[in-house]
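Content type compact mmCIF, C-alpha atoms, from the file final_13.txt:
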# COMPACT_ATOMS: atom_id res chain seq x y z
CA MET S 1 -0.71 30.70 16.54
CA PHE S 2 -1.96 33.62 14.48
CA GLU S 3 -5.18 35.35 15.50
CA VAL S 4 -7.15 38.24 14.06
CA LYS S 5 -10.24 38.97 16.11
CA VAL S 6 -12.59 41.78 15.10
CA THR S 7 -15.59 42.65 17.28
CA GLY S 8 -17.94 45.55 17.88
CA TRP S 9 -18.46 46.33 14.20
CA SER S 10 -19.95 49.74 13.37
CA HIS S 11 -20.68 51.79 10.26
CA ASP S 12 -19.87 55.48 10.33
CA ARG S 13 -22.49 56.83 7.95
CA ASP S 14 -20.87 60.26 7.65
CA LEU S 15 -17.36 58.99 6.87
CA GLN S 16 -18.61 55.84 5.09
CA ILE S 17 -16.09 53.61 6.86
CA ILE S 18 -16.39 50.42 8.87
CA GLN S 19 -14.88 50.56 12.35
CA ALA S 20 -14.35 47.79 14.90
CA ASP S 21 -12.26 46.63 17.83
CA VAL S 22 -9.26 44.83 16.36
CA ARG S 23 -6.95 42.36 18.04
CA MET S 24 -4.07 40.82 16.10
CA ALA S 25 -1.69 38.46 17.86
CA VAL S 26 1.04 36.01 17.00
CA ASP S 27 1.68 33.54 19.77
CA GLU S 28 2.11 35.67 22.90
CA ASP S 29 2.79 38.94 21.05
CA ILE S 30 -0.17 41.29 20.77
CA ILE S 31 0.46 43.39 17.67
CA ILE S 32 -2.85 45.30 17.64
CA GLU S 33 -5.52 45.76 20.28
CA GLU S 34 -7.63 48.87 19.73
CA PRO S 35 -10.57 50.36 17.83
CA LEU S 36 -9.66 50.94 14.18
CA CYS S 37 -11.02 51.38 10.67
CA VAL S 38 -11.25 47.92 9.12
CA ASP S 39 -12.43 48.38 5.52
CA VAL S 40 -9.70 50.61 4.04
CA GLY S 41 -6.99 47.96 4.34
CA LEU S 42 -9.13 44.82 4.20
CA PRO S 43 -8.60 44.20 0.46
CA ALA S 44 -4.82 44.47 0.97
CA PHE S 45 -4.93 42.03 3.90
CA LEU S 46 -6.97 39.50 1.91
CA GLY S 47 -4.77 39.93 -1.15
CA SER S 48 -1.65 39.29 0.92
CA VAL S 49 -2.74 35.66 1.23
CA PHE S 50 -2.00 35.22 -2.48
CA LYS S 51 1.03 37.42 -3.12
CA ASP S 52 3.78 39.38 -1.44
CA THR S 53 2.81 42.86 -0.31
CA GLU S 54 4.66 46.04 0.46
CA PRO S 55 2.66 48.92 1.96
CA ASN S 56 2.46 52.54 0.91
CA ARG S 57 0.00 54.39 3.11
CA PHE S 58 0.27 57.41 0.82
CA ALA S 59 -0.85 55.51 -2.31
CA PRO S 60 -4.13 56.51 -3.97
CA ALA S 61 -7.25 54.48 -3.15
CA ASP S 62 -7.19 52.57 -6.44
CA GLN S 63 -3.88 51.04 -5.33
CA TRP S 64 -5.79 49.15 -2.65
CA GLU S 65 -3.19 46.38 -2.42
CA ARG S 66 -0.73 48.88 -0.90
CA MET S 67 -2.87 50.13 2.00
CA PRO S 68 -2.01 49.41 5.63
CA PHE S 69 -4.10 46.45 6.82
CA PHE S 70 -5.73 48.50 9.58
CA VAL S 71 -5.87 52.28 9.85
CA CYS S 72 -6.84 55.00 12.30
CA GLY S 73 -10.48 55.05 13.36
CA CYS S 74 -10.96 58.12 11.15
CA GLY S 75 -10.36 55.98 8.06
CA ASP S 76 -7.43 58.01 6.72
CA PRO S 77 -4.37 55.80 6.08
CA GLU S 78 -2.13 58.85 6.17
CA CYS S 79 -3.23 59.56 9.74
CA ARG S 80 -2.13 56.33 11.39
CA GLY S 81 -1.97 52.76 10.27
CA PHE S 82 -0.71 49.29 10.98
CA SER S 83 1.42 48.43 7.98
CA PHE S 84 2.78 45.01 7.12
CA VAL S 85 5.15 43.54 4.58
CA VAL S 86 4.14 39.98 3.68
CA ARG S 87 6.50 37.52 2.01
CA HIS S 88 5.52 34.03 0.93
CA LEU S 89 8.36 31.70 1.75
CA ASP S 90 8.13 28.00 0.94
CA GLY S 91 4.46 27.70 0.04
CA LYS S 92 3.67 26.69 3.61
CA GLN S 93 4.71 29.81 5.53
CA VAL S 94 4.38 33.55 5.28
CA GLU S 95 6.62 36.09 6.90
CA LEU S 96 4.61 38.94 8.41
CA ARG S 97 6.74 42.00 9.10
CA HIS S 98 5.15 44.81 11.09
CA VAL S 99 6.64 48.05 9.80
CA GLU S 100 6.45 51.76 10.52
CA GLU S 101 6.21 53.70 7.28
CA ARG S 102 8.01 56.97 6.66
CA GLY S 103 7.03 59.79 4.30
CA ASP S 104 9.95 59.10 1.96
CA GLY S 105 8.72 55.60 1.01
CA THR S 106 11.02 53.73 3.38
CA TYR S 107 10.00 51.94 6.54
CA ARG S 108 11.41 50.70 9.81
CA GLU S 109 10.80 47.09 10.76
CA LEU S 110 9.22 46.70 14.19
CA ASP S 111 8.70 42.93 14.38
CA SER S 112 8.81 39.87 12.15
CA TYR S 113 6.81 36.65 12.46
CA LEU S 114 6.68 33.32 10.63
CA ILE S 115 3.12 32.07 10.29
CA ALA S 116 1.74 28.89 8.75
CA LYS S 117 0.07 29.91 5.49
CA ASP S 118 -3.07 27.88 6.26
CA GLU S 119 -3.51 29.74 9.59
CA TYR S 120 -2.96 33.06 7.86
CA SER S 121 -5.47 32.18 5.12
CA LYS S 122 -8.06 30.99 7.63
CA GLN S 123 -7.91 34.21 9.64
CA ALA S 124 -8.12 36.35 6.50
CA LEU S 125 -11.11 34.37 5.21
CA GLN S 126 -12.97 34.70 8.51
CA LEU S 127 -12.40 38.46 8.57
CA GLY S 128 -13.52 38.84 4.95
CA GLN S 129 -16.68 36.81 5.56
CA SER S 130 -17.48 38.76 8.73
CA PHE S 131 -17.08 42.04 6.86
CA LEU S 132 -19.38 40.95 4.02
CA HIS S 133 -21.96 39.72 6.50
CA PHE S 134 -21.81 43.01 8.44
CA ILE S 135 -22.22 45.31 5.44
CA ASN S 136 -25.07 43.30 3.92
CA GLY S 137 -28.01 45.69 3.66
CA LEU S 138 -26.07 48.80 4.70
CA ASP S 139 -26.05 52.01 2.68
CA TYR S 140 -22.27 51.70 2.36
CA ARG S 141 -20.42 53.91 -0.14
CA PRO S 142 -16.68 53.74 0.61
CA TYR S 143 -14.07 56.08 -0.85
CA PHE S 144 -12.63 53.17 -2.86
CA ALA S 145 -15.87 52.38 -4.69
CA ASP S 146 -14.86 48.79 -5.54
CA THR S 147 -14.18 47.75 -1.93
CA VAL S 148 -17.11 45.32 -1.74
CA LYS S 149 -16.43 43.89 -5.20
CA VAL S 150 -12.73 43.31 -4.46
CA VAL S 151 -13.41 41.83 -1.00
CA THR S 152 -16.10 39.54 -2.44
CA GLU S 153 -13.76 38.29 -5.18
CA LEU S 154 -10.91 37.69 -2.73
CA VAL S 155 -13.19 35.86 -0.27
CA GLU S 156 -14.38 33.63 -3.12
CA GLN S 157 -10.75 32.86 -4.03
CA LEU S 158 -9.94 32.07 -0.41
CA GLN S 159 -12.91 29.71 -0.19
CA GLN S 160 -11.63 27.80 -3.22
CA GLN S 161 -8.17 27.24 -1.74

Any chance you could give the structure as structure tokens?
Amino acid sequence: MFEVKVTGWSHDRDLQIIQADVRMAVDEDIIIEEPLCVDVGLPAFLGSVFKDTEPNRFAPADQWERMPFFVCGCGDPECRGFSFVVRHLDGKQVELRHVEERGDGTYRELDSYLIAKDEYSKQALQLGQSFLHFINGLDYRPYFADTVKVVTELVEQLQQQ
């Protein structure tokens, strides 16, 4: 079982980031359970449903597909992040590898999980929809200006699956 649960959404008007309490678990393993910035890595998480990903927390904002899926509550991916490598295996499973990135572009693998692709897609879609619902009507101007556009497009693609 793969679960991504995000609650307690908030908008930091000064930093222009979306923060929330994040819990990510695979079966009995809790990978994440703490308050984090959600929006910086959300496009990368949604995009990982469609293609393999390899993180680079030091990439510029326009390389959104390389961001850690969840980052420090301050919104800076260079500060602290939860980075994942995603590999699509047989069309029915994804391998989710939790990694610790290093400054030289390499990473250390912490854990690896096999997840049914339909479970993975469902959790990503729910998170994307919740995000779009939360930001509706907010004066939200993220650092990566196309965040809402990219998330909207990816959610639409997920809905068509």

Practice problem: Skip Gly41 (chain S) itself and residues of its chain fewer than 5 positions away, then list as a ChimeraX atom specification all residues within 6 Å of it, counting all atoms listed in the file. | Solution: /S:67-70

Exercise. Find the residues around region 113-123 of chain S up to 6 Å (all atoms listed in the file counted), leave out those fewer than 2 positions away in its own chain, and share them as a ChimeraX atom specification.
Key: /S:49,92-96,125-126

Quiz item: Can you find the residues with an atom no farther than 10 Å from (-6.4, 55.7, 13.8), counting all atoms listed in the file, and report them as a PyMOL selection string?
Solution: chain S and resi 34-37+70-82

Practice problem: Using all atoms listed in the file, pick whichever of S:Glu153, S:Asp62, S:Asp39, S:Glu33 has the shortest atom-to-atom distance to Leu127 (chain S). | Solution: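 That would be S:Asp39, the residue with the smallest distance to Leu127 (chain S).
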
Exercise. For CA of Glu156 (chain S) and CA of Ala124 (chain S), quote the distance in Å rounded to one decimal.
Key: 11.8 Å
